[in-house]
Amino acid sequence: MTRHFLEIDDLAPAELNEVLRMAEADLRPPVLAGRGVALIFEKPSARTRNATEVAVAQLGGHPVSIRGEEVGLDTREPAEDVARVLAGYHAAIGARVMDHASLERMTAALDAAAMEVPVFNLLSDRAHPCQALADLLTIRQRFGATEGVKVAYVGDANNVCRSLALGCLMAGAQVAVACPDGYGLDPAELPGVSTTSDPAEAASDADVVYTDVWTSMGQEAEEKARAAAFSGFQVDRALMAHASPKAIVMHCLPAHRGQEISADVVDGPQSLVWQQAANRLPAVRALLLFLLDSSRRAS
Ligand code: CP
Ligand code: NVA
């Protein structure tokens, strides 16, 4: 069966470790020579589009980035049809979608048609697993391992939070999430995660303090209400005082200085955000190697 990557746990923990190891090893075999990779973007992107395009080129392939309105998922034609058409030209299909179900429908259509082209999630309303790969890579680079590292996520329990928390649990890290009431994780979804509405409690002795925007793409109408709900959840120097003195600060970016993170923290000595952003490239390159190798083994 074709391996798709819609959420980080589409990899088994040992496979996650293998992908991270490949990212560290900086492998670039030309597995995509003469082949294309389609990258659909229903939402804006700087890091994901650039990292993935360059990764495809480094593996010898040709990336084709497509704005959402060009293919019009479910407006110009059904998402299933778009997937089946693109599978005729490309070795893999990446997509950043408004609705996670679009990715599920694309993979189901390809599997039903026995089209062995992996689909990978470039961000949905539900998950951002390519980001989580880069995050785990960054944590490994800093601490030498992920096992036993305490990661505190402070803010909105969104796509980035969900994939990060899941990936950290798979990689043996401890996860504490602090969100305002009504914006937290469903405790049944990730039982291994400790949840609180007190940022200081989550950050206490943390090795990593992570945050993301309070208003994700697609939620712009809620911006005012969210700004009010998240007041008190800024990652600032006062919050960092609760963390381990050696703690690092992470943010998937784009960052909003003065909202979810203070300027002195995101631009300060504990911040690894530029290394984290750069790690999107080796992470997605290793993911492509894994998915393409799995597809070749299956076919
Ligand atoms: N972190 C991230 O996914 O950034 P972009 O939205 O710019 O791709
Ligand atoms: N949670 C953010 C992440 C952006 C990379 C969003 O979905 O907009």
# chains A, B, ... in the order shown; residues from 1 in each chain; ligands from 1
$ residues_around --residues "Ala227 (chain A)" --least-positions-apart "6" --cutoff "12 Å" --atoms "only C-alpha atoms" --output "list in words"
Gly155, Asp156, Pro180, Val213, Trp214, Thr215, Ser216, Gln219, Glu220, Ala221, Phe233, Gln234, His256, Gly258, Gln259 and Glu260 of chain A
$ select_by_dssp --residues "region 35-258 of chain A" --states "strand (DSSP E or B)" --output "PyMOL selection string"
chain A and resi 36-41+62-67+73+77+90-96+119-121+150-154+174-178+194-196+208-211+235+248-251+257
$ residues_near_ligand --ligand "ligand 2" --cutoff "6 Å" --atoms "only C-alpha atoms and all ligand atoms" --output "number ranges by chain"
A: 158-160, 213, 216-217, 252-253
$ residues_around --residues "region 76-88 of chain A" --least-positions-apart "5" --cutoff "9 Å" --atoms "only C-alpha atoms" --output "MDAnalysis selection string"
chainID A and resid 37:38 69:71 93 102:103 105:110 113 115:119
$ write_last_selection --atoms "N, CA and C atoms" --output "PDB file, in the first residue's frame"
ATOM      1  N   VAL A  37       6.879  16.713  -8.659  1.00  0.00           N
ATOM      2  CA  VAL A  37       6.126  16.660  -7.396  1.00  0.00           C
ATOM      3  C   VAL A  37       5.181  17.863  -7.402  1.00  0.00           C
ATOM      4  N   ALA A  38       3.887  17.605  -7.271  1.00  0.00           N
ATOM      5  CA  ALA A  38       2.884  18.677  -7.255  1.00  0.00           C
ATOM      6  C   ALA A  38       2.710  19.190  -5.833  1.00  0.00           C
ATOM      7  N   GLU A  69      -6.575  28.266  -6.123  1.00  0.00           N
ATOM      8  CA  GLU A  69      -7.608  28.646  -7.098  1.00  0.00           C
ATOM      9  C   GLU A  69      -7.311  28.120  -8.505  1.00  0.00           C
ATOM     10  N   GLU A  70      -6.059  27.747  -8.761  1.00  0.00           N
ATOM     11  CA  GLU A  70      -5.739  27.223 -10.100  1.00  0.00           C
ATOM     12  C   GLU A  70      -6.401  25.876 -10.332  1.00  0.00           C
ATOM     13  N   VAL A  71      -6.346  25.015  -9.305  1.00  0.00           N
ATOM     14  CA  VAL A  71      -6.996  23.707  -9.469  1.00  0.00           C
ATOM     15  C   VAL A  71      -8.418  23.728  -8.920  1.00  0.00           C
ATOM     16  N   ILE A  93       2.313  14.021  -4.272  1.00  0.00           N
ATOM     17  CA  ILE A  93       1.452  15.213  -4.244  1.00  0.00           C
ATOM     18  C   ILE A  93       1.449  15.754  -2.813  1.00  0.00           C
ATOM     19  N   SER A 102     -10.133  17.067   2.756  1.00  0.00           N
ATOM     20  CA  SER A 102      -9.718  17.081   1.343  1.00  0.00           C
ATOM     21  C   SER A 102      -8.545  16.133   1.134  1.00  0.00           C
ATOM     22  N   LEU A 103      -7.603  16.138   2.083  1.00  0.00           N
ATOM     23  CA  LEU A 103      -6.445  15.240   1.974  1.00  0.00           C
ATOM     24  C   LEU A 103      -6.893  13.789   2.071  1.00  0.00           C
ATOM     25  N   ARG A 105      -9.757  12.561   1.288  1.00  0.00           N
ATOM     26  CA  ARG A 105     -10.476  12.174   0.059  1.00  0.00           C
ATOM     27  C   ARG A 105      -9.496  11.961  -1.096  1.00  0.00           C
ATOM     28  N   MET A 106      -8.452  12.758  -1.152  1.00  0.00           N
ATOM     29  CA  MET A 106      -7.456  12.574  -2.219  1.00  0.00           C
ATOM     30  C   MET A 106      -6.742  11.231  -2.061  1.00  0.00           C
ATOM     31  N   THR A 107      -6.340  10.905  -0.855  1.00  0.00           N
ATOM     32  CA  THR A 107      -5.638   9.622  -0.655  1.00  0.00           C
ATOM     33  C   THR A 107      -6.584   8.460  -0.927  1.00  0.00           C
ATOM     34  N   ALA A 108      -7.835   8.579  -0.506  1.00  0.00           N
ATOM     35  CA  ALA A 108      -8.793   7.487  -0.733  1.00  0.00           C
ATOM     36  C   ALA A 108      -9.006   7.271  -2.225  1.00  0.00           C
ATOM     37  N   ALA A 109      -9.086   8.362  -2.983  1.00  0.00           N
ATOM     38  CA  ALA A 109      -9.309   8.239  -4.432  1.00  0.00           C
ATOM     39  C   ALA A 109      -8.116   7.567  -5.101  1.00  0.00           C
ATOM     40  N   LEU A 110      -6.911   7.946  -4.685  1.00  0.00           N
ATOM     41  CA  LEU A 110      -5.717   7.345  -5.296  1.00  0.00           C
ATOM     42  C   LEU A 110      -5.611   5.869  -4.930  1.00  0.00           C
ATOM     43  N   ALA A 113      -8.022   3.778  -6.842  1.00  0.00           N
ATOM     44  CA  ALA A 113      -7.647   3.635  -8.253  1.00  0.00           C
ATOM     45  C   ALA A 113      -6.301   2.926  -8.413  1.00  0.00           C
ATOM     46  N   MET A 115      -3.473   3.970  -7.704  1.00  0.00           N
ATOM     47  CA  MET A 115      -2.452   4.916  -8.176  1.00  0.00           C
ATOM     48  C   MET A 115      -1.460   5.109  -7.032  1.00  0.00           C
ATOM     49  N   GLU A 116      -0.251   4.603  -7.201  1.00  0.00           N
ATOM     50  CA  GLU A 116       0.680   4.539  -6.066  1.00  0.00           C
ATOM     51  C   GLU A 116       1.497   5.819  -5.940  1.00  0.00           C
ATOM     52  N   VAL A 117       0.812   6.898  -5.666  1.00  0.00           N
ATOM     53  CA  VAL A 117       1.443   8.213  -5.525  1.00  0.00           C
ATOM     54  C   VAL A 117       1.163   8.723  -4.107  1.00  0.00           C
ATOM     55  N   PRO A 118       2.209   8.903  -3.306  1.00  0.00           N
ATOM     56  CA  PRO A 118       1.984   9.370  -1.942  1.00  0.00           C
ATOM     57  C   PRO A 118       1.463  10.808  -1.896  1.00  0.00           C
ATOM     58  N   VAL A 119       0.560  11.056  -0.953  1.00  0.00           N
ATOM     59  CA  VAL A 119       0.073  12.406  -0.659  1.00  0.00           C
ATOM     60  C   VAL A 119       0.673  12.816   0.678  1.00  0.00           C
TER      61      VAL A 119
END
$ residues_around --residues "region 150-152 of chain A" --least-positions-apart "4" --cutoff "9 Å" --atoms "only C-alpha atoms" --output "list of chain:residue names"
A:Thr146, A:Ala165, A:Cys168, A:Ala173, A:Gln174, A:Val175, A:Ala176, A:Val177, A:Ala178, A:Pro199, A:Ala202, A:Ala203, A:Ser204, A:Asp205, A:Ala206, A:Asp207, A:Val208, A:Val209, A:Tyr210, A:Thr211, A:Ala243
$ closest_atom_pairs --of "chain A" --to "ligand 1" --cutoff "7 Å" --atoms "only C-alpha atoms and all ligand atoms" --output "CSV"
residue,atom,partner,partner_atom_place_in_ligand_line,distance
A:Pro44,CA,ligand 1,6 (O),6.2
A:Ser45,CA,ligand 1,8 (O),3.7
A:Ala46,CA,ligand 1,7 (O),3.4
A:Arg47,CA,ligand 1,8 (O),3.9
A:Thr48,CA,ligand 1,8 (O),3.6
A:Arg49,CA,ligand 1,8 (O),5.9
A:Leu123,CA,ligand 1,3 (O),6.9
A:Gln131,CA,ligand 1,3 (O),6.2
A:Cys252,CA,ligand 1,1 (N),4.3
A:Leu253,CA,ligand 1,1 (N),4.8
A:Pro254,CA,ligand 1,4 (O),6.2
$ select_by_dssp --residues "region 209-258 of chain A" --states "helix (DSSP H, G or I)" --output "PyMOL selection string"
chain A and resi 220-229+237-240
$ atom_distance --atom1 "CA of Thr52 (chain A)" --atom2 "CA of Leu122 (chain A)"
9.0 Å
$ atom_distance --atom1 "CA of Tyr153 (chain A)" --atom2 "CA of Leu20 (chain A)"
21.2 Å
$ residues_around --residues "region 9-16 of chain A" --least-positions-apart "5" --cutoff "12 Å" --atoms "only C-alpha atoms" --output "PyMOL selection string"
chain A and resi 2-4+21-23+118-121+127-130+132-134+136-137+146+162-172+190+283+286-287+289-291+294
$ residues_around --residues "Ser262 (chain A)" --least-positions-apart "4" --cutoff "12 Å" --atoms "only C-alpha atoms" --output "tab-separated table (two decimals) with all heavy atoms, in the first residue's frame"
chain	number	residue	atom	x	y	z
A	211	THR	N	5.50	28.12	20.96
A	211	THR	CA	4.20	28.76	20.75
A	211	THR	C	3.94	28.95	19.26
A	211	THR	O	4.83	28.75	18.42
A	211	THR	CB	4.08	30.09	21.51
A	211	THR	OG1	2.71	30.52	21.45
A	211	THR	CG2	4.96	31.18	20.92
A	232	GLY	N	-2.48	36.96	28.40
A	232	GLY	CA	-1.89	36.19	29.50
A	232	GLY	C	-1.18	34.93	29.03
A	232	GLY	O	-0.55	34.24	29.83
A	233	PHE	N	-1.25	34.66	27.73
A	233	PHE	CA	-0.59	33.45	27.20
A	233	PHE	C	0.62	33.79	26.34
A	233	PHE	O	1.10	32.97	25.56
A	233	PHE	CB	-1.60	32.60	26.42
A	233	PHE	CG	-2.47	31.79	27.33
A	233	PHE	CD1	-3.49	32.38	28.05
A	233	PHE	CD2	-2.23	30.44	27.51
A	233	PHE	CE1	-4.28	31.63	28.93
A	233	PHE	CE2	-3.00	29.68	28.38
A	233	PHE	CZ	-4.03	30.28	29.10
A	234	GLN	N	1.13	35.02	26.48
A	234	GLN	CA	2.31	35.37	25.69
A	234	GLN	C	3.56	34.68	26.25
A	234	GLN	O	3.75	34.62	27.47
A	234	GLN	CB	2.52	36.89	25.72
A	234	GLN	CG	3.66	37.35	24.84
A	234	GLN	CD	3.87	38.86	24.91
A	234	GLN	OE1	4.63	39.35	25.74
A	234	GLN	NE2	3.18	39.59	24.06
A	235	VAL	N	4.39	34.17	25.35
A	235	VAL	CA	5.69	33.66	25.77
A	235	VAL	C	6.63	34.87	25.86
A	235	VAL	O	7.03	35.44	24.84
A	235	VAL	CB	6.22	32.59	24.78
A	235	VAL	CG1	7.66	32.20	25.13
A	235	VAL	CG2	5.31	31.36	24.80
A	236	ASP	N	6.90	35.27	27.10
A	236	ASP	CA	7.75	36.45	27.33
A	236	ASP	C	8.81	36.08	28.38
A	236	ASP	O	8.89	34.93	28.81
A	236	ASP	CB	6.91	37.66	27.75
A	236	ASP	CG	6.04	37.36	28.98
A	236	ASP	OD1	6.30	36.33	29.65
A	236	ASP	OD2	5.12	38.15	29.26
A	237	ARG	N	9.58	37.05	28.77
A	237	ARG	CA	10.67	36.74	29.71
A	237	ARG	C	10.16	36.24	31.04
A	237	ARG	O	10.76	35.36	31.66
A	237	ARG	CB	11.57	37.96	29.89
A	237	ARG	CG	12.65	37.87	28.84
A	237	ARG	CD	13.42	39.09	28.57
A	237	ARG	NE	14.13	39.67	29.69
A	237	ARG	CZ	14.81	40.80	29.58
A	237	ARG	NH1	14.85	41.44	28.42
A	237	ARG	NH2	15.43	41.31	30.60
A	238	ALA	N	9.03	36.78	31.48
A	238	ALA	CA	8.47	36.35	32.77
A	238	ALA	C	8.10	34.86	32.70
A	238	ALA	O	8.34	34.10	33.64
A	238	ALA	CB	7.25	37.20	33.11
A	239	LEU	N	7.52	34.44	31.58
A	239	LEU	CA	7.15	33.02	31.46
A	239	LEU	C	8.41	32.16	31.36
A	239	LEU	O	8.51	31.09	31.97
A	239	LEU	CB	6.26	32.80	30.23
A	239	LEU	CG	5.75	31.37	30.11
A	239	LEU	CD1	4.79	31.02	31.24
A	239	LEU	CD2	5.06	31.14	28.77
A	240	MET	N	9.41	32.64	30.60
A	240	MET	CA	10.64	31.86	30.42
A	240	MET	C	11.38	31.66	31.75
A	240	MET	O	12.15	30.71	31.88
A	240	MET	CB	11.56	32.54	29.40
A	240	MET	CG	11.06	32.47	27.96
A	240	MET	SD	10.66	30.81	27.40
A	240	MET	CE	12.25	29.99	27.48
A	249	VAL	N	13.54	28.30	22.90
A	249	VAL	CA	12.24	28.81	22.48
A	249	VAL	C	12.04	28.43	21.02
A	249	VAL	O	12.95	28.61	20.20
A	249	VAL	CB	12.18	30.35	22.64
A	249	VAL	CG1	10.92	30.91	22.02
A	249	VAL	CG2	12.27	30.71	24.11
A	251	HIS	N	9.13	28.35	17.61
A	251	HIS	CA	7.91	28.92	17.01
A	251	HIS	C	7.96	28.49	15.54
A	251	HIS	O	9.00	28.64	14.89
A	251	HIS	CB	7.93	30.44	17.15
A	251	HIS	CG	6.64	31.13	16.79
A	251	HIS	ND1	5.93	30.87	15.64
A	251	HIS	CD2	5.94	32.09	17.46
A	251	HIS	CE1	4.85	31.64	15.60
A	251	HIS	NE2	4.82	32.38	16.70
A	255	ALA	N	5.80	34.68	13.13
A	255	ALA	CA	5.62	35.12	14.52
A	255	ALA	C	4.96	36.50	14.55
A	255	ALA	O	5.20	37.32	13.66
A	255	ALA	CB	6.96	35.20	15.22
A	256	HIS	N	4.17	36.74	15.57
A	256	HIS	CA	3.56	38.05	15.79
A	256	HIS	C	4.11	38.61	17.09
A	256	HIS	O	3.61	38.29	18.17
A	256	HIS	CB	2.04	37.92	15.83
A	256	HIS	CG	1.49	37.39	14.54
A	256	HIS	ND1	1.48	36.06	14.25
A	256	HIS	CD2	0.99	38.04	13.46
A	256	HIS	CE1	0.96	35.89	13.03
A	256	HIS	NE2	0.67	37.08	12.53
A	257	ARG	N	5.17	39.40	16.95
A	257	ARG	CA	5.83	39.96	18.14
A	257	ARG	C	4.83	40.83	18.89
A	257	ARG	O	4.14	41.66	18.27
A	257	ARG	CB	7.06	40.77	17.72
A	257	ARG	CG	8.18	39.88	17.17
A	257	ARG	CD	9.28	40.69	16.50
A	257	ARG	NE	10.41	39.89	16.08
A	257	ARG	CZ	10.44	39.14	14.96
A	257	ARG	NH1	9.38	39.13	14.15
A	257	ARG	NH2	11.51	38.43	14.65
A	258	GLY	N	4.77	40.64	20.21
A	258	GLY	CA	3.84	41.42	21.03
A	258	GLY	C	2.50	40.71	21.20
A	258	GLY	O	1.67	41.16	21.99
A	266	VAL	N	11.62	36.09	21.10
A	266	VAL	CA	11.80	35.46	19.77
A	266	VAL	C	13.12	35.87	19.13
A	266	VAL	O	13.73	35.08	18.39
A	266	VAL	CB	10.59	35.72	18.84
A	266	VAL	CG1	10.54	37.14	18.33
A	266	VAL	CG2	10.58	34.75	17.67
A	267	ASP	N	13.58	37.06	19.46
A	267	ASP	CA	14.86	37.53	18.89
A	267	ASP	C	16.02	37.36	19.88
A	267	ASP	O	17.12	37.86	19.63
A	267	ASP	CB	14.74	39.01	18.49
A	267	ASP	CG	13.69	39.21	17.40
A	267	ASP	OD1	13.64	38.38	16.47
A	267	ASP	OD2	12.90	40.17	17.49
A	268	GLY	N	15.77	36.68	20.99
A	268	GLY	CA	16.78	36.58	22.04
A	268	GLY	C	17.63	35.33	21.94
A	268	GLY	O	17.46	34.50	21.04
A	271	SER	N	16.23	31.64	21.58
A	271	SER	CA	15.39	31.33	20.43
A	271	SER	C	16.15	30.52	19.37
A	271	SER	O	17.24	30.90	18.96
A	271	SER	CB	14.88	32.64	19.82
A	271	SER	OG	14.24	32.38	18.60
$ atom_distance --atom1 "CA of Ile8 (chain A)" --atom2 "CA of Phe41 (chain A)"
19.5 Å
